[in-house]
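Trainee: I have a structure here, written as structure tokens, and I will follow up with some questions on it.
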There are 8 protein chains.
Amino acid sequence: MQRVNWDSHRAERTGIAEAVYCPGKSAGVLIEILEHHLKAATSVLLTRLDRQVYDGFADSYKAQMEYHEQGNIAIFNKKDKALRDSEICIVTAGSSDLRLACEAQVTLKYYGYNTPVIADVGVAGLHRLLNRLDEIKKYKLVIAIAGMEGALFSVLAGLISAPVIALPSSVGYGVSENGQAALSSALSACAPGILTVNIDNAFGAATAAIKICQQFLQSE
Amino acid sequence: MQRVNWDSHRAERTGIAEAVYCPGKSAGVLIEILEHHLKAATSVLLTRLDRQVYDGFADSYKAQMEYHEQGNIAIFNKKDKALRDSEICIVTAGSSDLRLACEAQVTLKYYGYNTPVIADVGVAGLHRLLNRLDEIKKYKLVIAIAGMEGALFSVLAGLISAPVIALPSSVGYGVSENGQAALSSALSACAPGILTVNIDNAFGAATAAIKICQQFLQSE
Amino acid sequence: MQRVNWDSHRAERTGIAEAVYCPGKSAGVLIEILEHHLKAATSVLLTRLDRQVYDGFADSYKAQMEYHEQGNIAIFNKKDKALRDSEICIVTAGSSDLRLACEAQVTLKYYGYNTPVIADVGVAGLHRLLNRLDEIKKYKLVIAIAGMEGALFSVLAGLISAPVIALPSSVGYGVSENGQAALSSALSACAPGILTVNIDNAFGAATAAIKICQQFLQSE
Amino acid sequence: MQRVNWDSHRAERTGIAEAVYCPGKSAGVLIEILEHHLKAATSVLLTRLDRQVYDGFADSYKAQMEYHEQGNIAIFNKKDKALRDSEICIVTAGSSDLRLACEAQVTLKYYGYNTPVIADVGVAGLHRLLNRLDEIKKYKLVIAIAGMEGALFSVLAGLISAPVIALPSSVGYGVSENGQAALSSALSACAPGILTVNIDNAFGAATAAIKICQQFLQSE
Amino acid sequence: MQRVNWDSHRAERTGIAEAVYCPGKSAGVLIEILEHHLKAATSVLLTRLDRQVYDGFADSYKAQMEYHEQGNIAIFNKKDKALRDSEICIVTAGSSDLRLACEAQVTLKYYGYNTPVIADVGVAGLHRLLNRLDEIKKYKLVIAIAGMEGALFSVLAGLISAPVIALPSSVGYGVSENGQAALSSALSACAPGILTVNIDNAFGAATAAIKICQQFLQSE
Amino acid sequence: MQRVNWDSHRAERTGIAEAVYCPGKSAGVLIEILEHHLKAATSVLLTRLDRQVYDGFADSYKAQMEYHEQGNIAIFNKKDKALRDSEICIVTAGSSDLRLACEAQVTLKYYGYNTPVIADVGVAGLHRLLNRLDEIKKYKLVIAIAGMEGALFSVLAGLISAPVIALPSSVGYGVSENGQAALSSALSACAPGILTVNIDNAFGAATAAIKICQQFLQSE
Amino acid sequence: MQRVNWDSHRAERTGIAEAVYCPGKSAGVLIEILEHHLKAATSVLLTRLDRQVYDGFADSYKAQMEYHEQGNIAIFNKKDKALRDSEICIVTAGSSDLRLACEAQVTLKYYGYNTPVIADVGVAGLHRLLNRLDEIKKYKLVIAIAGMEGALFSVLAGLISAPVIALPSSVGYGVSENGQAALSSALSACAPGILTVNIDNAFGAATAAIKICQQFLQSE
Amino acid sequence: MQRVNWDSHRAERTGIAEAVYCPGKSAGVLIEILEHHLKAATSVLLTRLDRQVYDGFADSYKAQMEYHEQGNIAIFNKKDKALRDSEICIVTAGSSDLRLACEAQVTLKYYGYNTPVIADVGVAGLHRLLNRLDEIKKYKLVIAIAGMEGALFSVLAGLISAPVIALPSSVGYGVSENGQAALSSALSACAPGILTVNIDNAFGAATAAIKICQQFLQSE
């Protein structure tokens, strides 16, 4: 039985190549995927790759892997090439959100974008955000990451003309357990121009941002 | 069978007299309550009193009733007396929250407080809030009302030293239907000093504020 | 007491002017808003404006109002001007979603975009979508509307390079009551490049699309 | 006290013999069950049998057990006999769903059906499904397995005349955590002819399929 | 703009023609659909057709409509033809479930099946079910309808060899409000061989049953 | 088709005769039930019988009906006979709970018990409960009714030796909407000896109480 | 600071002495409780006492403890005395529910009742229940334990005149995860005479049963 | 990239300095924070600091840390100074709530308040609370902690004139799992004067209490 069915043309079709979401995949399936890419001389992004799964790979695989533990993400079999400066910036409400910032940043890097992270500017200390506003305003698109009550999304969207991709983070407890309150805030924010992805879906936020840039900029 | 059991000493015990929550009470029970207060020459607050229930009362009852339709609330059988200026102010995120501001304001009035409402300062237009900040800072206690994503609670609490009583408003749809998102935001806000009441519980927000004032100010 | 607090500079700040979300606003507040715009000679968009509230307006107000009953939306006090052809298209899964398509289309019109609607291409009859694919591919950005299980979002995003703004529609019953299943599908779709707004938030989908266009196209 | 109460006639009554759902059963109870079947010279299926519980069995029991770790399922004390080709096929959206495909396949094998698995044909890459459609159409009944947003169910049911047994898989995070979004999609799909089982209930999907085949085919 | 997109080949593709789910469709859209079928001389099933919407149709349309108020369902423009006796029976737990039995029965009739309803055999009075068991056992497939706690599904599936299509009914209050408890019972029943459809989805239960019959019987 | 299936022996089997839960039953079905009891010269209890459904009955039926509007309940075709004093008392937290007290009291009356109601003794005014404690302690069994946060259940159960049947009432808003908070309190109360029924299930609370009395007292 | 506050008179007041719910209590608090009872020469029941917490106790404490690992429950410092035969029996749907049967049985033993357990009579094999019905009918009160869909509660209550205390068990997955479906079934069962306790609250079911027996039997 | 963004002026702005919520922060980030405070010679509060994270700190850091394991909280780099007697008292329903009482007490200590804890006065044994009532009444403000059904909040608020800050505790199982039932009770309590914080948010309860005291007392 064939266990994996390559969607080889996804990049041509949609602009984004198929990535590997690791949870639930057996070691055998993961190796099959890596071997496929080695043979095809293609690269691939591995998301939600826990440290212990990474550690279990043979050294020959690790040698081709750029692993970012903070973001549980790896780039496999890709040649380094120069990055272009991004039209996108990543903003986080707290330092607990850096794991998602890392996952988004590495995804963007895989597609050739060099993207800055402006960290820990949550609205409980509003001036932290206001102080960085001029910097944020230089970008055409903002990925905002927040857990708890997710108030950053509305406040930011009310201050800038860039659209905001809201990425709720599973930081919190009680009613904000698992990012539920932040997700609700993102979806129900009063300020227009907020677009939301699933809780902790940093890969999704980054690839949506890339699709926007590809559509509007590279087709010029 | 006795249908109503007077808690006549609640004011002495807790500082707040028993009020009448009207939904689910039959017309007969409501009349029995009004008659009781007429005979005892005592006043009472009626909350969640819909226009059509109010309209159904005999004129003799209405004559003793100060009814505020916007807030669905009435003061019954109370002599007017001078109000003291409040240490409390009421802040609303939108103009749809004025119905709750009214309910809170009338409750405070019943207890002798003259309380200002600073309306429509939601964070989608942050300057609206910042413009009124000096005024808000004059008060020792703030009742903040917001629906939708309820981002006002965190932002405000991060800017002032007064504690914030967060009153989530059932304004919204989809994931913020019935005030759920605003409640979650209030409870999970990062900024310390936020205390929450149930969705639409303007009476509860006002009476808690009164108890704080009574405890800390009137016992001096 | 001032009941409404104008956020007059929102358009300059964010590219999107303040619109009026009508539910929960009293007739008095709505009139105050209309008068403000008449005096200022500015236009405004009114969303979630039910037929019966519209009918209650005086004729002098209606004369300045372009009301679209299907989408419960009105443009107030705006001079007609030529529309530019949109980089955006609107796609609906069913004919029950046309009310949201209308709300989005009118919002886009208010900002000067002439936007086509490709209706009733849900995936239960996949060829309906495939037949229209070449047409859809001409646009840089797609607003997709679906209720029930919302399978359109993933399928579409897997076929085109344009980013998809997923707008879940409150069409359904049982577990898809109020659009919950469609929202979950949008947020958890496997295909990258999907960005989600709240259930029935057609205004939000349209304004986010406009912000993207303004950022990436008009600043050129 | 008798701890286990044999439902020995279930196979005659319903066509499906009693299986053993292992979670929550103590080692003592499990051994009692195995001994019963050894003595009665009957076979039994053990579902949700974790590797570590399996490892804890004495070798004498393991010798009679065909254990499939991928599917956490074992066939106990059954003589091999020839399998008939199945009228059923199993289709999975992703390679993370293979654990459920295995559980269903082994259950079908226990009842004498040789059933193919067509893996990793999720709709994010629609052609993967369309490429296999002719093959799928050869079967009278399809068990479809999908996690995340579960869009496969509707798309497949709209393309084939076989009824689809939708088996939601607990693959996902955020709003699709634990298979909730996939379950909602299965239940609210627009395409008619979809029948749903509980999340991860591969045994239930397989036995329902068997009952259909037994009713409609073997009674001929 | 074309508002309705005909999926004319659905019957050939899947065995079930496109039906019209009426809620959310404007009168204009419904008339457009009826006219289409009149012109094409084809018939169509209209589900969730409320009495008042039906009453609003012109007499010329009603003349071609076989409306069943109990089931909120109508057959439009179909010539009567002889029905075959069904391999399916419909079983209801209570007399409040007859509305769904009617919707399923009319759907089956539209496809040429004459299907009996065995009503009011809920398990609170177990003998009511046991008394009818021999009759139920004559059928190859059972559609079982239950609200409240939905215990009928498990009990029935444990007694017969026919697969059971469980149709949860939105009869109940408190924790069983809107059919939630019955749906949970259907999905988590211990007895194997239960397949579930969405709450109140009588059309879905009937069409799935028809697809099973078409696949297994008519292809003989 | 037979629409109603009499469970004539339920009283012998379980001690409680079949009652008629009216919602969802058509007028035709209700009349069929009444006629059945007239012919059989048996009585029956009708629960959740709304005023307007009652008003729709012909006078000949009403003549045999003892209708209690407060509790939406009617006794049909029953000869009055002397009542025995009950071992049960009914306690309510508020006057809004009297509708459920009435439903329980009439159910108990139908079975021959004369049962007192002690109303409006909620714990916000604890002395109201303590004042009536000696009276409550005279009964062997207590049905306690409370909405909102349902604190009465724990407090009462901690004070008396009678078991408490907790009946959560759908009085409340926000998080206690529809009785959810009261139900949770009843189920999770620290004080032992609390048994819970569904929200608003006054009939269930009363019949469970009757079964306890019948088992333990009448079999002596 | 005094950490534990003895409710020494609870047994006199309510018939049930204070028991110790172990989760969340530190080792220090637990030892303080045991020492208190050793000094006072009183006994106490410890519930939810995990094996590893039990193992951590000094041998001198264990010597006074009758620990039942299956039910996570211990009797501390109690002299054995003769048990009376119970008017109560315990019935379980599956063998996975034996842990709760054990907890209830030990609680009843602590109060002097010798109570039988009739295990594994779930309704998927209805005859298993019917075979034991005569035995069950000998008891005045039944504690029924079921997980998954909890259909046992209704079926049993429809067959016997004893009231049924429904104890939902956290056995299940998907929609019945953590006992939610079984709880819903218990609360919404059609058969009258069912009283419910919280999921897994075997102690609560047993003590409520004891209070009923004490009230109705021992006061004779 | 700067990972942490100091909100150095939060204390001046709001009266409460920024504290460190440890979960989700990497060891590197935590060390960066501690070093910052050592260099600035400022103190900081660390909340949700698990034993194992604490154990991982170098001894040089631990030397400056007052760690309270019961409350998972530490005071870092603060000189001891005399405490003032608090106007606040902390009341707990059970001994399992002492972990939250500790967290609140240490937070209050950090701000200079010496605050008593009155433990284990839950309402299942009402006299335990009544016995301590005179003591509780001496304080102007009460932080009440309860899990399970949270009935303490209403009862206490109905007995005293001090406002009650309700802190729901994640003690419970089944429907009170994770503190949900206690939170609902706090929010929906009938007794006025209750203000709620998120489940387990002892830090939030304490800082809100401090803000009230600072506003009303220190500004005198």
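Residues are named by chain letter and number: chains run A, B, ... in the order of the structure tokens, numbers start at 1 in each chain, and ligands are numbered from 1 in the order shown.
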Taking only C-alpha atoms into account, which residues of chain F are within 6 Å of chain B, as a list in words?
Mentor: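 Result, ordered by chain then number: Ser96, Ala119, Asp120, Gly125 and Gly174 of chain F.
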Trainee: As a VMD selection string, please: all residues of segment 14-152 of chain D that backbone DSSP puts in strand (DSSP E or B).
Mentor: chain D and resid 20 to 21 44 to 47 65 to 68 73 to 76 84 to 85 88 to 92 113 to 114 117 to 118 141 to 146
Trainee: Quote the spacing between atom CA of Asp59 of chain A and atom CA of Thr42 of chain A in Å to one decimal place.
Mentor: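 Going from atom CA of Asp59 of chain A over to atom CA of Thr42 of chain A covers 18.8 Å.
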Trainee: Quick one: everything within 10 Å of Gly158 of chain A, counting only C-alpha atoms, minus sequence neighbours fewer than 6 positions away in the same chain. Send it as a ChimeraX atom specification.
Mentor: /A:152,164,189-194 /B:123-127 /C:10-11,13-16
Trainee: Would you mind exporting the chosen residues as a tab-separated table (two decimals), in the first residue's frame, restricted to C-alpha atoms?
Mentor:
chain	number	residue	atom	x	y	z
A	152	LEU	CA	-3.50	43.47	20.64
A	164	VAL	CA	-3.49	42.38	10.27
A	189	ALA	CA	-12.70	42.59	16.86
A	190	CYS	CA	-14.40	45.90	16.05
A	191	ALA	CA	-11.52	47.30	14.06
A	192	PRO	CA	-11.84	46.32	10.40
A	193	GLY	CA	-9.03	44.69	8.51
A	194	ILE	CA	-8.32	41.71	10.78
B	123	VAL	CA	-10.15	51.00	21.25
B	124	ALA	CA	-10.70	50.68	17.50
B	125	GLY	CA	-10.14	54.43	17.59
B	126	LEU	CA	-7.63	54.59	20.39
B	127	HIS	CA	-7.37	58.36	20.50
C	10	ARG	CA	-10.13	56.48	11.07
C	11	ALA	CA	-10.00	56.53	7.29
C	13	ARG	CA	-5.27	56.17	9.95
C	14	THR	CA	-6.41	52.79	8.69
C	15	GLY	CA	-7.78	53.31	5.20
C	16	ILE	CA	-11.31	52.37	6.30
Trainee: Check segment 63-200 of chain H with DSSP on the backbone and list each residue it calls alpha helix (DSSP H), as a ChimeraX atom specification.
Mentor: /H:98-110,126-131,133-136,152-157,180-188
Trainee: Based on the selection just made, write C-alpha atoms of those residues as a tab-separated table (two decimals), in the first residue's frame.
Mentor:
chain	number	residue	atom	x	y	z
H	98	LEU	CA	-4.70	26.76	49.95
H	99	ARG	CA	-2.38	26.87	46.92
H	100	LEU	CA	-4.33	29.88	45.62
H	101	ALA	CA	-4.53	31.45	49.06
H	102	CYS	CA	-0.74	31.23	49.20
H	103	GLU	CA	-0.30	32.85	45.78
H	104	ALA	CA	-2.61	35.71	46.76
H	105	GLN	CA	-0.98	36.14	50.17
H	106	VAL	CA	2.54	36.31	48.73
H	107	THR	CA	1.41	38.82	46.09
H	108	LEU	CA	-0.08	40.98	48.85
H	109	LYS	CA	3.10	40.60	50.89
H	110	TYR	CA	5.16	41.83	47.94
H	126	LEU	CA	-22.37	26.26	57.25
H	127	HIS	CA	-21.49	26.77	60.92
H	128	ARG	CA	-17.80	26.73	59.99
H	129	LEU	CA	-18.42	29.93	58.08
H	130	LEU	CA	-20.82	31.42	60.62
H	131	ASN	CA	-18.29	30.79	63.42
H	133	LEU	CA	-18.08	35.61	60.47
H	134	ASP	CA	-17.24	38.18	63.15
H	135	GLU	CA	-13.60	37.85	62.25
H	136	ILE	CA	-14.28	38.20	58.53
H	152	LEU	CA	-19.39	30.12	49.17
H	153	PHE	CA	-19.41	33.25	47.02
H	154	SER	CA	-23.16	33.95	47.26
H	155	VAL	CA	-23.56	32.93	50.85
H	156	LEU	CA	-20.68	35.10	52.01
H	157	ALA	CA	-21.74	38.11	49.93
H	180	GLN	CA	-15.92	25.91	35.28
H	181	ALA	CA	-18.84	25.44	37.68
H	182	ALA	CA	-17.27	27.66	40.33
H	183	LEU	CA	-16.68	30.39	37.75
H	184	SER	CA	-20.29	30.20	36.60
H	185	SER	CA	-21.51	30.42	40.18
H	186	ALA	CA	-19.36	33.46	40.89
H	187	LEU	CA	-20.61	35.28	37.82
H	188	SER	CA	-24.27	34.41	38.29
Trainee: What's the 12 Å shell around Gly56 of chain G, counting only C-alpha atoms, without same-chain residues fewer than 6 positions away, as an NGL selection string?
Mentor: :G and (26-28 or 30-31 or 49-50 or 62)
